[in-house]
Amino acid sequence: MIKRFVYLGYYLKQLDWKKFWLFLSHAAKQTHRNKISILLDVLLSVFTYNISILEYFQFRFFEKNKDERKLWAGTGYMFEYQLKMNPKNQRDILDDKTKFYRSYGNYFVHTVADITDLKKYPEQTQKLLNNPSGKLVFKVADGKCGVAVEIKNASEFTPASIVDFMEKNSFDLVEEFIIQHPKLTELSPSAVNTVRIFTQLNANNEVEILGCRQRISVNSSVDNMAAGNLAAPIDEVTGIVIGPAVYSDITKPEEINHPVTKIPIVGFQVPFWSETIAMVKEAALLHPQNRSIGWDIVITENGPGFIEGNHDWCKLLWQLPAKKGLKELLEKHQS
């Protein structure tokens, strides 16, 4: 119980108050309950179900009974679960983008380099500067959710100036801007729309797929739900999107068609699906010290490739598109 008080302090410190009041007003309007009763329910739920304050609204607990609430995996639960599955002293190859690309580089379909590579391998620098997109993406090694990312035209740089730029601006990595598969560009051209696949190694070191999601940008240069974008469930076997796309913002409706391009989301076939699943299952066994990983995958005309792997993968992206709590999929791995 003491741990839950610590978590509550963290939630309050990190709370987006503007979003909180928006969600509270929406819930009160939807349920015709007064805000005080909802606030009391929020606090009770934080302690009872090990969720964060905003997750009470995002999981729509204001509409759910006790049995339904027990099914959802919230921030507190996921923190403890992922700490067990991906120990702190082992997760650095997922936490650090430089270490990730060195550990899983065989699964990349785009050119990536750090400052050491740029100085040591001039041919790689030239390949980056001449990449087909004409753009470069600069990142910090520990960046999350599209934060600390800068996109620049490759024509602005020379082999010498690109290193100077990275050192001056504290960037650790530079990548070629990925040209995604035309089908995904047709669906949403504003950003590279990645697939997220969640894997789990079971007690026999076999790979289990916990879920597959298509992230979809909406007039945004990134595709993260946290930035206001959509996510939809993908059938693990066929690679077809099998349900509407949803926002993490509870005031917005689900989308059957893309709100800007009007391309159907439900029924969308993700290209190279069998290759994508095969790649993820193979990679999940490569460093089994990390047992539960959320993989970000880009689909190009040349097939799938990794962007990154996440040890602290998002419970919202996992559960909201499924429209149900999925905690039971994790509980069997706890023993």
# chains A, B, ... in the order shown; residues from 1 in each chain; ligands from 1
>>> residues_around(residues="Met225 of chain A", least_positions_apart="4", cutoff="9 Å", atoms="only C-alpha atoms", output="PyMOL selection string")
chain A and resi 145+215-217+229-231+246-249+316-317
>>> write_last_selection(atoms="all heavy atoms", output="compact mmCIF listing (two decimals), in the first residue's frame")
# COMPACT_ATOMS: atom_id res chain seq x y z
N CYS A 145 9.01 8.78 -27.39
CA CYS A 145 7.75 9.31 -27.94
C CYS A 145 7.96 10.44 -28.94
O CYS A 145 7.21 11.41 -28.98
CB CYS A 145 6.83 9.77 -26.82
SG CYS A 145 6.34 8.46 -25.69
N ARG A 215 -0.17 2.17 -35.98
CA ARG A 215 -0.23 3.58 -35.58
C ARG A 215 -0.46 4.43 -36.83
O ARG A 215 0.14 4.18 -37.88
CB ARG A 215 1.05 3.98 -34.85
CG ARG A 215 1.21 3.23 -33.55
CD ARG A 215 2.15 3.91 -32.60
NE ARG A 215 3.53 3.74 -32.99
CZ ARG A 215 4.56 3.89 -32.14
NH1 ARG A 215 4.34 4.22 -30.88
NH2 ARG A 215 5.79 3.73 -32.54
N ILE A 216 -1.30 5.44 -36.68
CA ILE A 216 -1.73 6.23 -37.83
C ILE A 216 -1.66 7.71 -37.49
O ILE A 216 -2.33 8.18 -36.56
CB ILE A 216 -3.18 5.86 -38.22
CG1 ILE A 216 -3.29 4.35 -38.50
CG2 ILE A 216 -3.63 6.66 -39.43
CD1 ILE A 216 -4.72 3.84 -38.55
N SER A 217 -0.86 8.44 -38.22
CA SER A 217 -0.71 9.88 -37.96
C SER A 217 -1.93 10.64 -38.48
O SER A 217 -2.56 10.25 -39.46
CB SER A 217 0.57 10.40 -38.63
OG SER A 217 0.51 10.19 -40.04
N ASN A 229 -2.44 11.11 -32.11
CA ASN A 229 -2.69 10.28 -33.28
C ASN A 229 -3.52 9.04 -32.93
O ASN A 229 -3.90 8.82 -31.79
CB ASN A 229 -1.36 9.90 -33.92
CG ASN A 229 -0.60 11.11 -34.41
OD1 ASN A 229 -1.06 11.83 -35.30
ND2 ASN A 229 0.57 11.37 -33.84
N LEU A 230 -3.78 8.24 -33.96
CA LEU A 230 -4.65 7.08 -33.86
C LEU A 230 -3.86 5.77 -33.77
O LEU A 230 -2.70 5.70 -34.18
CB LEU A 230 -5.55 7.00 -35.09
CG LEU A 230 -6.62 8.08 -35.26
CD1 LEU A 230 -7.08 8.14 -36.71
CD2 LEU A 230 -7.81 7.80 -34.34
N ALA A 231 -4.54 4.74 -33.27
CA ALA A 231 -3.98 3.38 -33.29
C ALA A 231 -5.13 2.40 -33.49
O ALA A 231 -6.22 2.59 -32.96
CB ALA A 231 -3.23 3.09 -32.01
N VAL A 246 -8.48 4.34 -32.63
CA VAL A 246 -8.91 5.13 -31.48
C VAL A 246 -7.82 6.13 -31.09
O VAL A 246 -6.64 5.94 -31.39
CB VAL A 246 -9.25 4.24 -30.27
CG1 VAL A 246 -10.39 3.31 -30.60
CG2 VAL A 246 -8.02 3.45 -29.81
N TYR A 247 -8.25 7.19 -30.41
CA TYR A 247 -7.35 8.17 -29.81
C TYR A 247 -7.20 7.85 -28.33
O TYR A 247 -8.05 7.18 -27.73
CB TYR A 247 -7.93 9.57 -29.94
CG TYR A 247 -8.14 10.08 -31.34
CD1 TYR A 247 -9.37 9.95 -31.97
CD2 TYR A 247 -7.11 10.73 -32.03
CE1 TYR A 247 -9.59 10.45 -33.25
CE2 TYR A 247 -7.31 11.23 -33.31
CZ TYR A 247 -8.56 11.08 -33.92
OH TYR A 247 -8.76 11.58 -35.18
N SER A 248 -6.16 8.38 -27.70
CA SER A 248 -6.06 8.30 -26.24
C SER A 248 -6.87 9.42 -25.60
O SER A 248 -7.10 9.41 -24.38
CB SER A 248 -4.61 8.36 -25.78
OG SER A 248 -3.99 9.58 -26.19
N ASP A 249 -7.31 10.37 -26.40
CA ASP A 249 -8.18 11.46 -25.95
C ASP A 249 -9.62 10.96 -25.96
O ASP A 249 -10.20 10.70 -27.02
CB ASP A 249 -8.03 12.67 -26.89
CG ASP A 249 -8.84 13.88 -26.44
OD1 ASP A 249 -9.78 13.72 -25.63
OD2 ASP A 249 -8.57 14.99 -26.93
N LEU A 316 -1.43 1.88 -23.08
CA LEU A 316 -2.55 2.51 -23.79
C LEU A 316 -2.60 2.00 -25.23
O LEU A 316 -3.66 1.60 -25.73
CB LEU A 316 -2.42 4.03 -23.78
CG LEU A 316 -2.45 4.73 -22.43
CD1 LEU A 316 -2.36 6.24 -22.61
CD2 LEU A 316 -3.72 4.38 -21.65
N LEU A 317 -1.47 2.04 -25.91
CA LEU A 317 -1.39 1.56 -27.29
C LEU A 317 -1.76 0.08 -27.36
O LEU A 317 -2.34 -0.38 -28.35
CB LEU A 317 0.03 1.79 -27.83
CG LEU A 317 0.35 1.31 -29.24
CD1 LEU A 317 -0.57 1.95 -30.26
CD2 LEU A 317 1.81 1.60 -29.58
>>> residues_around(residues="segment 286-301 of chain A", least_positions_apart="5", cutoff="6 Å", atoms="only C-alpha atoms", output="VMD selection string")
chain A and resid 85 to 86 180 to 181 194 to 201 306 to 311 313
>>> closest_residue(among="A:Glu331, A:Asp312, A:Asp117, A:Glu176", to="Lys135 of chain A", atoms="only C-alpha atoms")
A:Glu176
>>> residues_around(residues="Val270 of chain A", least_positions_apart="6", cutoff="10 Å", atoms="only C-alpha atoms", output="list in words")
His181, Lys183, Leu184, Val195, Gln214, Ile234, Asp235, Thr238, Gly239, Ile240, Val241, Thr276 and Ile299 of chain A
>>> atom_distance(atom1="atom CA of Ala27 of chain A", atom2="atom CA of Phe62 of chain A")
6.7 Å
>>> residues_around(residues="Glu175 of chain A", least_positions_apart="4", cutoff="10 Å", atoms="only C-alpha atoms", output="VMD selection string")
chain A and resid 110 to 114 128 to 129 131 135 to 139 151
>>> closest_residue(among="A:Leu8, A:Ala191, A:Val140, A:Ala232", to="Ser220 of chain A", atoms="only C-alpha atoms")
A:Ala191
>>> atom_distance(atom1="atom CA of Ser221 of chain A", atom2="atom CA of Pro189 of chain A")
9.2 Å
>>> select_by_dssp(residues="segment 150-251 of chain A", states="strand (DSSP E)", output="list of chain:residue names")
A:Glu150, A:Ile151, A:Lys152, A:Asn153, A:Leu173, A:Val174, A:Glu175, A:Glu176, A:Val195, A:Arg196, A:Ile197, A:Phe198, A:Thr199, A:Gln200, A:Leu201, A:Val207, A:Glu208, A:Ile209, A:Leu210, A:Gly211, A:Cys212, A:Arg213, A:Gln214, A:Arg215, A:Ile216, A:Leu230, A:Ala231, A:Ala232, A:Pro233
>>> write_last_selection(atoms="N, CA and C atoms", output="PDB file, in the first residue's frame")
ATOM      1  N   GLU A 150      14.866  15.830 -34.734  1.00  0.00           N
ATOM      2  CA  GLU A 150      14.886  16.957 -35.677  1.00  0.00           C
ATOM      3  C   GLU A 150      15.102  16.426 -37.085  1.00  0.00           C
ATOM      4  N   ILE A 151      14.306  16.895 -38.016  1.00  0.00           N
ATOM      5  CA  ILE A 151      14.402  16.485 -39.412  1.00  0.00           C
ATOM      6  C   ILE A 151      14.977  17.635 -40.228  1.00  0.00           C
ATOM      7  N   LYS A 152      16.022  17.339 -40.993  1.00  0.00           N
ATOM      8  CA  LYS A 152      16.692  18.373 -41.792  1.00  0.00           C
ATOM      9  C   LYS A 152      16.898  17.848 -43.211  1.00  0.00           C
ATOM     10  N   ASN A 153      17.070  18.770 -44.156  1.00  0.00           N
ATOM     11  CA  ASN A 153      17.406  18.397 -45.530  1.00  0.00           C
ATOM     12  C   ASN A 153      18.867  17.974 -45.601  1.00  0.00           C
ATOM     13  N   LEU A 173      22.504  10.205 -32.779  1.00  0.00           N
ATOM     14  CA  LEU A 173      22.285   9.387 -33.972  1.00  0.00           C
ATOM     15  C   LEU A 173      21.765  10.223 -35.118  1.00  0.00           C
ATOM     16  N   VAL A 174      22.075   9.784 -36.331  1.00  0.00           N
ATOM     17  CA  VAL A 174      21.454  10.359 -37.522  1.00  0.00           C
ATOM     18  C   VAL A 174      20.992   9.197 -38.404  1.00  0.00           C
ATOM     19  N   GLU A 175      19.801   9.321 -38.963  1.00  0.00           N
ATOM     20  CA  GLU A 175      19.232   8.276 -39.808  1.00  0.00           C
ATOM     21  C   GLU A 175      18.744   8.895 -41.108  1.00  0.00           C
ATOM     22  N   GLU A 176      18.680   8.074 -42.130  1.00  0.00           N
ATOM     23  CA  GLU A 176      17.989   8.536 -43.325  1.00  0.00           C
ATOM     24  C   GLU A 176      16.499   8.584 -43.037  1.00  0.00           C
ATOM     25  N   VAL A 195       4.205   0.118 -37.258  1.00  0.00           N
ATOM     26  CA  VAL A 195       3.493  -0.991 -36.622  1.00  0.00           C
ATOM     27  C   VAL A 195       4.149  -1.246 -35.272  1.00  0.00           C
ATOM     28  N   ARG A 196       3.356  -1.449 -34.246  1.00  0.00           N
ATOM     29  CA  ARG A 196       3.874  -1.854 -32.939  1.00  0.00           C
ATOM     30  C   ARG A 196       3.418  -3.291 -32.675  1.00  0.00           C
ATOM     31  N   ILE A 197       4.400  -4.157 -32.414  1.00  0.00           N
ATOM     32  CA  ILE A 197       4.109  -5.539 -32.044  1.00  0.00           C
ATOM     33  C   ILE A 197       4.704  -5.811 -30.670  1.00  0.00           C
ATOM     34  N   PHE A 198       3.903  -6.379 -29.785  1.00  0.00           N
ATOM     35  CA  PHE A 198       4.319  -6.678 -28.425  1.00  0.00           C
ATOM     36  C   PHE A 198       4.659  -8.165 -28.330  1.00  0.00           C
ATOM     37  N   THR A 199       5.881  -8.481 -27.910  1.00  0.00           N
ATOM     38  CA  THR A 199       6.283  -9.882 -27.773  1.00  0.00           C
ATOM     39  C   THR A 199       6.596 -10.214 -26.319  1.00  0.00           C
ATOM     40  N   GLN A 200       6.427 -11.485 -26.002  1.00  0.00           N
ATOM     41  CA  GLN A 200       6.700 -11.997 -24.664  1.00  0.00           C
ATOM     42  C   GLN A 200       7.347 -13.374 -24.785  1.00  0.00           C
ATOM     43  N   LEU A 201       8.461 -13.565 -24.094  1.00  0.00           N
ATOM     44  CA  LEU A 201       9.043 -14.898 -24.020  1.00  0.00           C
ATOM     45  C   LEU A 201       8.400 -15.637 -22.860  1.00  0.00           C
ATOM     46  N   VAL A 207       8.346 -17.486 -28.242  1.00  0.00           N
ATOM     47  CA  VAL A 207       7.835 -16.130 -28.445  1.00  0.00           C
ATOM     48  C   VAL A 207       6.313 -16.154 -28.555  1.00  0.00           C
ATOM     49  N   GLU A 208       5.666 -15.383 -27.707  1.00  0.00           N
ATOM     50  CA  GLU A 208       4.224 -15.183 -27.796  1.00  0.00           C
ATOM     51  C   GLU A 208       3.946 -13.749 -28.239  1.00  0.00           C
ATOM     52  N   ILE A 209       2.999 -13.574 -29.126  1.00  0.00           N
ATOM     53  CA  ILE A 209       2.592 -12.245 -29.570  1.00  0.00           C
ATOM     54  C   ILE A 209       1.447 -11.769 -28.678  1.00  0.00           C
ATOM     55  N   LEU A 210       1.657 -10.660 -27.982  1.00  0.00           N
ATOM     56  CA  LEU A 210       0.638 -10.124 -27.079  1.00  0.00           C
ATOM     57  C   LEU A 210      -0.342  -9.195 -27.797  1.00  0.00           C
ATOM     58  N   GLY A 211       0.030  -8.728 -28.969  1.00  0.00           N
ATOM     59  CA  GLY A 211      -0.844  -7.828 -29.711  1.00  0.00           C
ATOM     60  C   GLY A 211      -0.087  -7.129 -30.827  1.00  0.00           C
ATOM     61  N   CYS A 212      -0.837  -6.671 -31.828  1.00  0.00           N
ATOM     62  CA  CYS A 212      -0.265  -5.954 -32.973  1.00  0.00           C
ATOM     63  C   CYS A 212      -1.124  -4.720 -33.230  1.00  0.00           C
ATOM     64  N   ARG A 213      -0.490  -3.572 -33.426  1.00  0.00           N
ATOM     65  CA  ARG A 213      -1.219  -2.318 -33.619  1.00  0.00           C
ATOM     66  C   ARG A 213      -0.629  -1.525 -34.785  1.00  0.00           C
ATOM     67  N   GLN A 214      -1.520  -0.909 -35.549  1.00  0.00           N
ATOM     68  CA  GLN A 214      -1.115   0.031 -36.592  1.00  0.00           C
ATOM     69  C   GLN A 214      -1.254   1.439 -36.053  1.00  0.00           C
ATOM     70  N   ARG A 215      -0.166   2.167 -35.985  1.00  0.00           N
ATOM     71  CA  ARG A 215      -0.226   3.576 -35.584  1.00  0.00           C
ATOM     72  C   ARG A 215      -0.455   4.427 -36.830  1.00  0.00           C
ATOM     73  N   ILE A 216      -1.299   5.437 -36.677  1.00  0.00           N
ATOM     74  CA  ILE A 216      -1.732   6.228 -37.826  1.00  0.00           C
ATOM     75  C   ILE A 216      -1.656   7.708 -37.485  1.00  0.00           C
ATOM     76  N   LEU A 230      -3.776   8.238 -33.962  1.00  0.00           N
ATOM     77  CA  LEU A 230      -4.648   7.080 -33.859  1.00  0.00           C
ATOM     78  C   LEU A 230      -3.861   5.774 -33.766  1.00  0.00           C
ATOM     79  N   ALA A 231      -4.538   4.738 -33.266  1.00  0.00           N
ATOM     80  CA  ALA A 231      -3.982   3.384 -33.289  1.00  0.00           C
ATOM     81  C   ALA A 231      -5.126   2.400 -33.487  1.00  0.00           C
ATOM     82  N   ALA A 232      -4.851   1.347 -34.264  1.00  0.00           N
ATOM     83  CA  ALA A 232      -5.887   0.359 -34.592  1.00  0.00           C
ATOM     84  C   ALA A 232      -5.340  -1.049 -34.415  1.00  0.00           C
ATOM     85  N   PRO A 233      -6.219  -2.015 -34.090  1.00  0.00           N
ATOM     86  CA  PRO A 233      -5.775  -3.398 -33.884  1.00  0.00           C
ATOM     87  C   PRO A 233      -5.550  -4.129 -35.196  1.00  0.00           C
TER      88      PRO A 233
END
